[in-house]
$ cat model-v5.cif   # mmCIF, C-alpha atoms and all ligand atoms
data_input
#
loop_
_atom_site.group_PDB
_atom_site.id
_atom_site.type_symbol
_atom_site.label_atom_id
_atom_site.label_comp_id
_atom_site.auth_asym_id
_atom_site.auth_seq_id
_atom_site.Cartn_x
_atom_site.Cartn_y
_atom_site.Cartn_z
ATOM 1 C CA MET A 239 37.105 1.054 147.881
ATOM 2 C CA ILE A 240 37.917 -1.690 150.366
ATOM 3 C CA PRO A 241 41.227 -3.427 149.582
ATOM 4 C CA PHE A 242 41.207 -7.198 149.184
ATOM 5 C CA SER A 243 42.803 -8.989 152.099
ATOM 6 C CA PRO A 244 43.013 -12.749 151.728
ATOM 7 C CA SER A 245 41.846 -14.604 154.814
ATOM 8 C CA GLY A 246 42.663 -18.117 155.964
ATOM 9 C CA GLU A 247 39.029 -18.981 155.267
ATOM 10 C CA ASP A 248 38.656 -18.236 151.597
ATOM 11 C CA PRO A 249 35.575 -19.659 149.850
ATOM 12 C CA GLN A 250 36.142 -23.116 148.387
ATOM 13 C CA PRO A 251 34.810 -24.786 145.215
ATOM 14 C CA ALA A 252 31.428 -26.352 145.988
ATOM 15 C CA GLN A 253 31.180 -30.149 146.170
ATOM 16 C CA ARG A 254 28.199 -32.384 145.553
ATOM 17 C CA ARG A 255 27.830 -32.855 149.318
ATOM 18 C CA ASP A 256 27.227 -29.094 149.725
ATOM 19 C CA LEU A 257 24.008 -29.239 147.675
ATOM 20 C CA PRO A 258 21.457 -29.838 150.478
ATOM 21 C CA GLU A 259 22.703 -26.834 152.472
ATOM 22 C CA ILE A 260 23.003 -24.657 149.360
ATOM 23 C CA LEU A 261 19.403 -25.492 148.404
ATOM 24 C CA ALA A 262 18.184 -24.757 151.934
ATOM 25 C CA VAL A 263 19.807 -21.301 151.932
ATOM 26 C CA GLU A 264 18.635 -20.651 148.371
ATOM 27 C CA ARG A 265 15.015 -21.374 149.313
ATOM 28 C CA GLN A 266 15.232 -19.076 152.328
ATOM 29 C CA SER A 267 16.744 -16.290 150.226
ATOM 30 C CA PHE A 268 14.774 -15.958 146.984
ATOM 31 C CA SER A 269 11.130 -15.902 145.883
ATOM 32 C CA GLN A 270 12.147 -17.760 142.699
ATOM 33 C CA PRO A 271 14.913 -20.074 143.964
ATOM 34 C CA TRP A 272 17.245 -21.949 141.681
ATOM 35 C CA THR A 273 16.422 -25.649 141.298
ATOM 36 C CA ARG A 274 18.674 -28.566 142.235
ATOM 37 C CA ALA A 275 19.295 -29.137 138.509
ATOM 38 C CA MET A 276 20.563 -25.576 138.071
ATOM 39 C CA PHE A 277 23.105 -26.013 140.860
ATOM 40 C CA GLN A 278 24.083 -29.451 139.547
ATOM 41 C CA GLU A 279 24.858 -27.885 136.190
ATOM 42 C CA GLU A 280 27.190 -25.383 137.877
ATOM 43 C CA LEU A 281 28.794 -28.125 139.987
ATOM 44 C CA ALA A 282 29.825 -29.941 136.832
ATOM 45 C CA LYS A 283 31.850 -27.012 135.482
ATOM 46 C CA VAL A 284 35.652 -26.960 135.452
ATOM 47 C CA PRO A 285 37.128 -24.690 136.663
ATOM 48 C CA SER A 286 34.530 -24.232 139.357
ATOM 49 C CA THR A 287 31.963 -21.435 139.154
ATOM 50 C CA LEU A 288 30.208 -22.193 142.452
ATOM 51 C CA TYR A 289 31.998 -21.493 145.734
ATOM 52 C CA VAL A 290 30.947 -22.005 149.318
ATOM 53 C CA ASP A 291 31.893 -20.253 152.526
ATOM 54 C CA ARG A 292 31.985 -22.453 155.614
ATOM 55 C CA PRO A 293 34.198 -22.392 158.694
ATOM 56 C CA GLY A 294 36.784 -25.153 158.307
ATOM 57 C CA ASP A 295 35.963 -28.300 156.333
ATOM 58 C CA ALA A 296 32.950 -29.455 158.274
ATOM 59 C CA GLY A 297 31.300 -26.316 159.684
ATOM 60 C CA PRO A 298 27.813 -25.238 158.645
ATOM 61 C CA LEU A 299 27.456 -23.527 155.272
ATOM 62 C CA ARG A 300 27.415 -19.740 155.721
ATOM 63 C CA GLY A 301 26.943 -18.701 152.102
ATOM 64 C CA TYR A 302 27.767 -19.295 148.458
ATOM 65 C CA LEU A 303 28.326 -17.474 145.235
ATOM 66 C CA CYS A 304 28.130 -18.441 141.590
ATOM 67 C CA PHE A 305 29.485 -16.639 138.540
ATOM 68 C CA TRP A 306 30.019 -17.099 134.838
ATOM 69 C CA ALA A 307 33.333 -16.278 133.205
ATOM 70 C CA LEU A 308 32.898 -14.619 129.808
ATOM 71 C CA ALA A 309 35.518 -13.051 127.564
ATOM 72 C CA GLY A 310 37.331 -10.538 129.745
ATOM 73 C CA GLU A 311 34.550 -10.327 132.311
ATOM 74 C CA LEU A 312 32.820 -12.149 135.147
ATOM 75 C CA GLN A 313 29.064 -12.135 135.636
ATOM 76 C CA LEU A 314 27.822 -12.702 139.178
ATOM 77 C CA ILE A 315 24.728 -14.859 138.831
ATOM 78 C CA ASN A 316 23.945 -15.872 142.404
ATOM 79 C CA ILE A 317 24.986 -14.972 145.933
ATOM 80 C CA ALA A 318 23.265 -15.766 149.199
ATOM 81 C CA VAL A 319 24.170 -15.872 152.869
ATOM 82 C CA HIS A 320 22.402 -18.045 155.449
ATOM 83 C CA PRO A 321 19.903 -15.800 157.303
ATOM 84 C CA ALA A 322 21.610 -16.590 160.619
ATOM 85 C CA HIS A 323 24.934 -15.245 159.321
ATOM 86 C CA ARG A 324 23.809 -12.115 157.493
ATOM 87 C CA GLY A 325 25.370 -8.865 158.573
ATOM 88 C CA THR A 326 28.545 -10.578 159.767
ATOM 89 C CA GLY A 327 30.761 -10.011 156.729
ATOM 90 C CA VAL A 328 30.148 -13.265 154.824
ATOM 91 C CA GLY A 329 28.732 -11.515 151.747
ATOM 92 C CA ARG A 330 31.667 -9.112 151.698
ATOM 93 C CA ARG A 331 34.127 -12.036 151.937
ATOM 94 C CA LEU A 332 32.409 -13.811 149.028
ATOM 95 C CA MET A 333 32.449 -10.647 146.906
ATOM 96 C CA LYS A 334 36.110 -9.934 147.671
ATOM 97 C CA PHE A 335 36.844 -13.484 146.612
ATOM 98 C CA LEU A 336 34.992 -12.812 143.345
ATOM 99 C CA ILE A 337 37.132 -9.725 142.716
ATOM 100 C CA GLU A 338 40.268 -11.763 143.373
ATOM 101 C CA GLU A 339 38.975 -14.497 141.070
ATOM 102 C CA ALA A 340 38.431 -11.878 138.345
ATOM 103 C CA ARG A 341 42.101 -10.895 138.704
ATOM 104 C CA ARG A 342 43.216 -14.524 138.507
ATOM 105 C CA ARG A 343 41.172 -15.000 135.331
ATOM 106 C CA GLU A 344 42.382 -11.694 133.893
ATOM 107 C CA ALA A 345 38.841 -10.314 133.712
ATOM 108 C CA GLU A 346 38.678 -6.532 133.653
ATOM 109 C CA LYS A 347 35.045 -6.118 134.668
ATOM 110 C CA ILE A 348 32.452 -7.764 136.875
ATOM 111 C CA PHE A 349 28.756 -7.378 136.070
ATOM 112 C CA LEU A 350 25.672 -8.195 138.130
ATOM 113 C CA GLU A 351 21.939 -7.560 138.297
ATOM 114 C CA VAL A 352 20.057 -6.565 141.423
ATOM 115 C CA ARG A 353 16.547 -5.528 142.410
ATOM 116 C CA PRO A 354 16.303 -1.829 143.300
ATOM 117 C CA SER A 355 14.372 -2.946 146.435
ATOM 118 C CA ASN A 356 17.222 -5.177 147.677
ATOM 119 C CA GLU A 357 18.891 -2.755 150.083
ATOM 120 C CA PRO A 358 21.322 -5.227 151.693
ATOM 121 C CA ALA A 359 22.648 -6.330 148.292
ATOM 122 C CA LEU A 360 22.802 -2.781 146.949
ATOM 123 C CA GLY A 361 24.690 -1.739 150.082
ATOM 124 C CA LEU A 362 27.136 -4.617 149.699
ATOM 125 C CA TYR A 363 27.859 -3.901 146.036
ATOM 126 C CA ALA A 364 28.131 -0.135 146.464
ATOM 127 C CA ARG A 365 30.529 -0.588 149.396
ATOM 128 C CA LEU A 366 32.851 -2.557 147.106
ATOM 129 C CA GLY A 367 32.779 0.094 144.388
ATOM 130 C CA PHE A 368 30.130 -1.291 142.011
ATOM 131 C CA GLU A 369 28.247 1.374 140.080
ATOM 132 C CA VAL A 370 24.843 1.312 138.440
ATOM 133 C CA LEU A 371 25.144 1.208 134.634
ATOM 134 C CA TYR A 372 21.477 1.160 133.669
ATOM 135 C CA ARG A 373 18.019 -0.142 134.562
ATOM 136 C CA ARG A 374 16.557 -3.188 132.797
ATOM 137 C CA PRO A 375 12.750 -2.744 132.871
ATOM 138 C CA ARG A 376 10.471 -5.507 134.270
ATOM 139 C CA TYR A 377 13.343 -7.979 134.465
ATOM 140 C CA TYR A 378 12.216 -9.983 137.499
ATOM 141 C CA THR A 379 9.074 -12.074 137.127
ATOM 142 C CA PRO A 380 6.374 -12.537 138.256
ATOM 143 C CA GLU A 381 6.554 -9.161 140.035
ATOM 144 C CA ASN A 382 7.863 -7.354 136.929
ATOM 145 C CA GLU A 383 10.407 -5.518 139.065
ATOM 146 C CA ASP A 384 13.177 -3.705 137.197
ATOM 147 C CA ALA A 385 16.796 -4.832 137.501
ATOM 148 C CA LEU A 386 19.708 -2.516 138.094
ATOM 149 C CA VAL A 387 22.735 -3.600 136.090
ATOM 150 C CA MET A 388 25.909 -2.813 138.045
ATOM 151 C CA SER A 389 29.558 -3.179 137.175
ATOM 152 C CA LEU A 390 32.982 -2.891 138.728
ATOM 153 C CA SER A 391 36.248 -2.279 136.916
ATOM 154 C CA VAL A 392 38.497 -4.800 138.631
ATOM 155 C CA PRO A 393 41.021 -2.799 140.647
ATOM 156 C CA PRO A 394 44.717 -3.718 140.463
ATOM 157 C CA ALA A 395 45.983 -6.020 143.221
HETATM 158 C C1 LIG A 401 22.835 -9.486 150.132
HETATM 159 C C2 LIG A 401 23.563 -10.444 151.094
HETATM 160 C C3 LIG A 401 24.337 -11.491 150.270
HETATM 161 C C4 LIG A 401 24.553 -9.632 151.941
HETATM 162 O O1 LIG A 401 25.363 -10.526 152.677
HETATM 163 P P1 LIG A 401 25.817 -10.241 154.208
HETATM 164 O O2 LIG A 401 26.730 -11.318 154.596
HETATM 165 O O3 LIG A 401 24.603 -10.051 155.046
HETATM 166 O O4 LIG A 401 26.587 -8.849 154.049
HETATM 167 P P2 LIG A 401 27.844 -8.365 154.934
HETATM 168 O O5 LIG A 401 27.585 -8.671 156.370
HETATM 169 O O6 LIG A 401 29.084 -8.911 154.334
HETATM 170 O O7 LIG A 401 27.779 -6.790 154.732
HETATM 171 C C5 LIG A 401 28.605 -6.133 153.777
HETATM 172 C C6 LIG A 401 27.988 -4.796 153.442
HETATM 173 O O8 LIG A 401 26.715 -4.996 152.835
HETATM 174 C C7 LIG A 401 25.816 -3.943 153.227
HETATM 175 N N1 LIG A 401 24.692 -4.514 153.978
HETATM 176 C C8 LIG A 401 24.618 -5.744 154.564
HETATM 177 N N2 LIG A 401 23.406 -5.900 155.130
HETATM 178 C C9 LIG A 401 22.721 -4.749 154.910
HETATM 179 C C10 LIG A 401 21.412 -4.310 155.237
HETATM 180 N N3 LIG A 401 20.557 -5.101 155.924
HETATM 181 N N4 LIG A 401 21.029 -3.075 154.822
HETATM 182 C C11 LIG A 401 21.857 -2.274 154.127
HETATM 183 N N5 LIG A 401 23.132 -2.641 153.790
HETATM 184 C C12 LIG A 401 23.544 -3.862 154.180
HETATM 185 C C13 LIG A 401 26.623 -2.997 154.077
HETATM 186 O O9 LIG A 401 27.194 -2.020 153.230
HETATM 187 C C14 LIG A 401 27.714 -3.906 154.618
HETATM 188 O O10 LIG A 401 28.873 -3.215 154.934
HETATM 189 P P3 LIG A 401 29.052 -2.560 156.402
HETATM 190 O O11 LIG A 401 28.782 -3.668 157.374
HETATM 191 O O12 LIG A 401 30.469 -2.104 156.396
HETATM 192 O O13 LIG A 401 28.053 -1.467 156.476
HETATM 193 C C15 LIG A 401 22.558 -11.139 152.062
HETATM 194 O O14 LIG A 401 21.747 -10.148 152.658
HETATM 195 C C16 LIG A 401 21.650 -12.178 151.402
HETATM 196 O O15 LIG A 401 21.996 -13.354 151.292
HETATM 197 N N6 LIG A 401 20.454 -11.759 150.951
HETATM 198 C C17 LIG A 401 19.491 -12.684 150.297
HETATM 199 C C18 LIG A 401 19.946 -13.103 148.916
HETATM 200 C C19 LIG A 401 20.169 -11.890 148.014
HETATM 201 O O16 LIG A 401 19.423 -10.940 148.018
HETATM 202 N N7 LIG A 401 21.235 -11.975 147.177
HETATM 203 C C20 LIG A 401 21.598 -10.902 146.266
HETATM 204 C C21 LIG A 401 20.868 -10.999 144.992
HETATM 205 S S1 LIG A 401 21.323 -9.687 143.864
#
$ encode --input "model-v5.cif" --output "structure tokens" --more "lines below"
Ligand SMILES: CC(C)(COP(=O)(O)OP(=O)(O)OC[C@H]1O[C@@H](n2cnc3c(N)ncnc32)[C@H](O)[C@@H]1OP(=O)(O)O)[C@@H](O)C(=O)NCCC(=O)NCCS
Amino acid sequence: MIPFSPSGEDPQPAQRRDLPEILAVERQSFSQPWTRAMFQEELAKVPSTLYVDRPGDAGPLRGYLCFWALAGELQLINIAVHPAHRGTGVGRRLMKFLIEEARRREAEKIFLEVRPSNEPALGLYARLGFEVLYRRPRYYTPENEDALVMSLSVPPA
């Protein structure tokens, strides 16, 4: 388990002006990307569920993450890092932020779904202590790829 260490560059709540860059990264990252309307719906939520990672206020968007807060748990529903910044620790920073956010919201567990073929994502989640709970058959369309459901019991601060 890697301990959480807050950095001076924590992810920030997404703003409307972040949308073009978020959509660009989304379209480079997924075969079935979220639409503008889906992100707009998340942008409207208070407290925020969509966070962006960028250097300083005006630097280029490096990545983003979106989650839903349910009773006692958080569900990660989207995470992507700009292809040019992958492998540099952005995904890890976003996920550590999510774990910290779970603590702030007094959630005991974080859940997520991932394709068994997505080695970078599986590596990221496993490194942070997520474990596979079960396999959800033919979850991803149109390929009918299974999903692995993973969870993490939020560690104490
Ligand atoms: C998955 C993703 C978010 C990872 O983000 P990232 O910023 O590249 O990851 P990091 O640089 O923070 O790496 C953190 C850990 O992830 C794992 N990892 C990252 N890239 C990896 C790769 N290509 N292969 C295997 N493991 C990898 C490693 O365990 C790494 O830790 P280490 O460097 O100590 O070995 C990124 O690859 C991405 O945006 N992919 C496309 C969108 C996507 O698949 N989202 C997940 C949907 S479930």
$ closest_atom_pairs --input "model-v5.cif" --of "chain A" --to "ligand LIG 401 (chain A)" --cutoff "8 Å" --atoms "all atoms listed in the file" --output "Markdown table"
| residue | atom | partner | partner_atom | distance |
| --- | --- | --- | --- | --- |
| A:Glu264 | CA | A:LIG401 | C18 | 7.7 |
| A:Gln266 | CA | A:LIG401 | C17 | 7.9 |
| A:Ser267 | CA | A:LIG401 | C17 | 4.5 |
| A:Phe268 | CA | A:LIG401 | C18 | 6.2 |
| A:Gly301 | CA | A:LIG401 | O15 | 7.3 |
| A:Ile315 | CA | A:LIG401 | S1 | 8.0 |
| A:Asn316 | CA | A:LIG401 | C21 | 6.3 |
| A:Ile317 | CA | A:LIG401 | N7 | 5.0 |
| A:Ala318 | CA | A:LIG401 | O15 | 3.4 |
| A:Val319 | CA | A:LIG401 | O15 | 3.7 |
| A:His320 | CA | A:LIG401 | O15 | 6.3 |
| A:Pro321 | CA | A:LIG401 | O15 | 6.8 |
| A:His323 | CA | A:LIG401 | O2 | 6.4 |
| A:Arg324 | CA | A:LIG401 | O3 | 3.3 |
| A:Gly325 | CA | A:LIG401 | O5 | 3.1 |
| A:Thr326 | CA | A:LIG401 | O5 | 4.0 |
| A:Gly327 | CA | A:LIG401 | O6 | 3.1 |
| A:Val328 | CA | A:LIG401 | O2 | 3.9 |
| A:Gly329 | CA | A:LIG401 | O2 | 3.5 |
| A:Arg330 | CA | A:LIG401 | O6 | 3.7 |
| A:Arg331 | CA | A:LIG401 | O6 | 6.4 |
| A:Leu332 | CA | A:LIG401 | O6 | 8.0 |
| A:Leu350 | CA | A:LIG401 | S1 | 7.3 |
| A:Glu351 | CA | A:LIG401 | S1 | 6.0 |
| A:Val352 | CA | A:LIG401 | S1 | 4.2 |
| A:Arg353 | CA | A:LIG401 | S1 | 6.5 |
| A:Asn356 | CA | A:LIG401 | O16 | 6.2 |
| A:Glu357 | CA | A:LIG401 | C11 | 5.0 |
| A:Pro358 | CA | A:LIG401 | C9 | 3.5 |
| A:Ala359 | CA | A:LIG401 | C1 | 3.7 |
| A:Leu360 | CA | A:LIG401 | N5 | 6.9 |
| A:Gly361 | CA | A:LIG401 | C7 | 4.0 |
| A:Leu362 | CA | A:LIG401 | O8 | 3.2 |
| A:Tyr363 | CA | A:LIG401 | O8 | 7.0 |
| A:Ala364 | CA | A:LIG401 | O9 | 7.1 |
| A:Arg365 | CA | A:LIG401 | O9 | 5.3 |
$ closest_residue --input "model-v5.cif" --among "A:Val370, A:Trp272, A:Ala395, A:Arg300" --to "A:Lys334" --atoms "all atoms listed in the file"
A:Ala395
$ axis_aligned_box --input "model-v5.cif" --around "stretch 271-286 of chain A" --padding-each-side "3 Å" --output "JSON"
{"center_x": 26.0, "center_y": -25.0, "center_z": 139.7, "size_x": 28.2, "size_y": 15.9, "size_z": 14.5}
$ residues_around --input "model-v5.cif" --residues "A:Ala345" --least-positions-apart "6" --cutoff "9 Å" --atoms "only C-alpha atoms" --output "mmCIF file with C-alpha atoms, in the coordinates of the input"
data_model
loop_
_atom_site.group_PDB
_atom_site.id
_atom_site.type_symbol
_atom_site.label_atom_id
_atom_site.label_comp_id
_atom_site.auth_asym_id
_atom_site.auth_seq_id
_atom_site.Cartn_x
_atom_site.Cartn_y
_atom_site.Cartn_z
ATOM 1 C CA ALA A 307 33.333 -16.278 133.205
ATOM 2 C CA LEU A 308 32.898 -14.619 129.808
ATOM 3 C CA ALA A 309 35.518 -13.051 127.564
ATOM 4 C CA GLY A 310 37.331 -10.538 129.745
ATOM 5 C CA GLU A 311 34.550 -10.327 132.311
ATOM 6 C CA LEU A 312 32.820 -12.149 135.147
ATOM 7 C CA GLU A 339 38.975 -14.497 141.070
ATOM 8 C CA VAL A 392 38.497 -4.800 138.631
#
$ atom_distance --input "model-v5.cif" --atom1 "atom CA of A:Leu303" --atom2 "atom CA of A:Ala385"
18.8 Å
$ atom_distance --input "model-v5.cif" --atom1 "atom CA of A:Pro375" --atom2 "atom CA of A:Met333"
25.4 Å
$ closest_residue --input "model-v5.cif" --among "A:Asp248, A:Gly297, A:Phe335, A:Pro354" --to "A:Arg376" --atoms "all atoms listed in the file"
A:Pro354
$ residues_around --input "model-v5.cif" --residues "A:Arg255" --least-positions-apart "6" --cutoff "12 Å" --atoms "all atoms listed in the file" --output "PyMOL selection string"
chain A and resi 261+277-278+281+290+295-296+299
$ residues_near_point --input "model-v5.cif" --point "(26.8, 0.7, 137.3)" --cutoff "10 Å" --atoms "all atoms listed in the file" --output "PDB file with C-alpha atoms, in the coordinates of the input"
ATOM      1  CA  PHE A 349      28.756  -7.378 136.070  1.00  0.00           C
ATOM      2  CA  LEU A 350      25.672  -8.195 138.130  1.00  0.00           C
ATOM      3  CA  GLU A 351      21.939  -7.560 138.297  1.00  0.00           C
ATOM      4  CA  TYR A 363      27.859  -3.901 146.036  1.00  0.00           C
ATOM      5  CA  ALA A 364      28.131  -0.135 146.464  1.00  0.00           C
ATOM      6  CA  GLY A 367      32.779   0.094 144.388  1.00  0.00           C
ATOM      7  CA  PHE A 368      30.130  -1.291 142.011  1.00  0.00           C
ATOM      8  CA  GLU A 369      28.247   1.374 140.080  1.00  0.00           C
ATOM      9  CA  VAL A 370      24.843   1.312 138.440  1.00  0.00           C
ATOM     10  CA  LEU A 371      25.144   1.208 134.634  1.00  0.00           C
ATOM     11  CA  TYR A 372      21.477   1.160 133.669  1.00  0.00           C
ATOM     12  CA  ARG A 373      18.019  -0.142 134.562  1.00  0.00           C
ATOM     13  CA  LEU A 386      19.708  -2.516 138.094  1.00  0.00           C
ATOM     14  CA  VAL A 387      22.735  -3.600 136.090  1.00  0.00           C
ATOM     15  CA  MET A 388      25.909  -2.813 138.045  1.00  0.00           C
ATOM     16  CA  SER A 389      29.558  -3.179 137.175  1.00  0.00           C
ATOM     17  CA  LEU A 390      32.982  -2.891 138.728  1.00  0.00           C
ATOM     18  CA  SER A 391      36.248  -2.279 136.916  1.00  0.00           C
TER      19      SER A 391
END
$ atom_distance --input "model-v5.cif" --atom1 "atom CA of A:Glu338" --atom2 "atom CA of A:Tyr302"
15.5 Å
$ closest_residue --input "model-v5.cif" --among "A:Lys347, A:Tyr377, A:Ala252, A:Leu366" --to "A:Val284" --atoms "all atoms listed in the file"
A:Ala252
$ closest_residue --input "model-v5.cif" --among "A:Gln270, A:Ile337, A:Pro285, A:Ala275" --to "A:Thr379" --atoms "all atoms listed in the file"
A:Gln270
$ residues_around --input "model-v5.cif" --residues "A:Pro298" --least-positions-apart "4" --cutoff "10 Å" --atoms "only C-alpha atoms" --output "PyMOL selection string"
chain A and resi 256+259+291-294+320
$ write_last_selection --input "model-v5.cif" --atoms "C-alpha atoms" --output "short mmCIF file (atom, residue, chain, number, x, y, z; two decimals), in the coordinates of the input"
data_model
loop_
_atom_site.label_atom_id
_atom_site.label_comp_id
_atom_site.auth_asym_id
_atom_site.auth_seq_id
_atom_site.Cartn_x
_atom_site.Cartn_y
_atom_site.Cartn_z
CA ASP A 256 27.23 -29.09 149.72
CA GLU A 259 22.70 -26.83 152.47
CA ASP A 291 31.89 -20.25 152.53
CA ARG A 292 31.98 -22.45 155.61
CA PRO A 293 34.20 -22.39 158.69
CA GLY A 294 36.78 -25.15 158.31
CA HIS A 320 22.40 -18.05 155.45
#
$ build_atoms --input "model-v5.cif" --residues "stretch 353-370 of chain A" --atoms "N, CA and C atoms" --output "mmCIF file, keeping the file's coordinate frame"
data_model
loop_
_atom_site.group_PDB
_atom_site.id
_atom_site.type_symbol
_atom_site.label_atom_id
_atom_site.label_comp_id
_atom_site.auth_asym_id
_atom_site.auth_seq_id
_atom_site.Cartn_x
_atom_site.Cartn_y
_atom_site.Cartn_z
ATOM 1 N N ARG A 353 17.824 -6.246 142.301
ATOM 2 C CA ARG A 353 16.547 -5.528 142.410
ATOM 3 C C ARG A 353 16.783 -4.191 143.117
ATOM 4 N N PRO A 354 16.155 -3.123 142.632
ATOM 5 C CA PRO A 354 16.303 -1.829 143.300
ATOM 6 C C PRO A 354 15.798 -1.865 144.748
ATOM 7 N N SER A 355 14.916 -2.848 145.069
ATOM 8 C CA SER A 355 14.372 -2.946 146.435
ATOM 9 C C SER A 355 15.298 -3.713 147.378
ATOM 10 N N ASN A 356 16.360 -4.317 146.855
ATOM 11 C CA ASN A 356 17.222 -5.177 147.677
ATOM 12 C C ASN A 356 18.324 -4.338 148.349
ATOM 13 N N GLU A 357 17.944 -3.687 149.436
ATOM 14 C CA GLU A 357 18.891 -2.755 150.083
ATOM 15 C C GLU A 357 20.164 -3.425 150.593
ATOM 16 N N PRO A 358 20.070 -4.605 151.246
ATOM 17 C CA PRO A 358 21.322 -5.227 151.693
ATOM 18 C C PRO A 358 22.298 -5.497 150.541
ATOM 19 N N ALA A 359 21.765 -6.024 149.430
ATOM 20 C CA ALA A 359 22.648 -6.330 148.292
ATOM 21 C C ALA A 359 23.194 -5.049 147.665
ATOM 22 N N LEU A 360 22.329 -4.053 147.521
ATOM 23 C CA LEU A 360 22.802 -2.781 146.949
ATOM 24 C C LEU A 360 23.899 -2.178 147.825
ATOM 25 N N GLY A 361 23.690 -2.274 149.145
ATOM 26 C CA GLY A 361 24.690 -1.739 150.082
ATOM 27 C C GLY A 361 26.012 -2.470 149.935
ATOM 28 N N LEU A 362 25.919 -3.796 149.842
ATOM 29 C CA LEU A 362 27.136 -4.617 149.699
ATOM 30 C C LEU A 362 27.895 -4.237 148.428
ATOM 31 N N TYR A 363 27.182 -4.157 147.306
ATOM 32 C CA TYR A 363 27.859 -3.901 146.036
ATOM 33 C C TYR A 363 28.436 -2.476 145.995
ATOM 34 N N ALA A 364 27.657 -1.525 146.488
ATOM 35 C CA ALA A 364 28.131 -0.135 146.464
ATOM 36 C C ALA A 364 29.382 0.022 147.326
ATOM 37 N N ARG A 365 29.399 -0.667 148.470
ATOM 38 C CA ARG A 365 30.529 -0.588 149.396
ATOM 39 C C ARG A 365 31.818 -1.066 148.730
ATOM 40 N N LEU A 366 31.669 -2.004 147.780
ATOM 41 C CA LEU A 366 32.851 -2.557 147.106
ATOM 42 C C LEU A 366 33.203 -1.792 145.834
ATOM 43 N N GLY A 367 32.430 -0.756 145.531
ATOM 44 C CA GLY A 367 32.779 0.094 144.388
ATOM 45 C C GLY A 367 31.965 -0.158 143.132
ATOM 46 N N PHE A 368 30.979 -1.067 143.191
ATOM 47 C CA PHE A 368 30.130 -1.291 142.011
ATOM 48 C C PHE A 368 29.286 -0.049 141.749
ATOM 49 N N GLU A 369 29.065 0.220 140.473
ATOM 50 C CA GLU A 369 28.247 1.374 140.080
ATOM 51 C C GLU A 369 27.119 0.924 139.170
ATOM 52 N N VAL A 370 25.994 1.640 139.287
ATOM 53 C CA VAL A 370 24.843 1.312 138.440
ATOM 54 C C VAL A 370 25.122 1.782 137.021
#
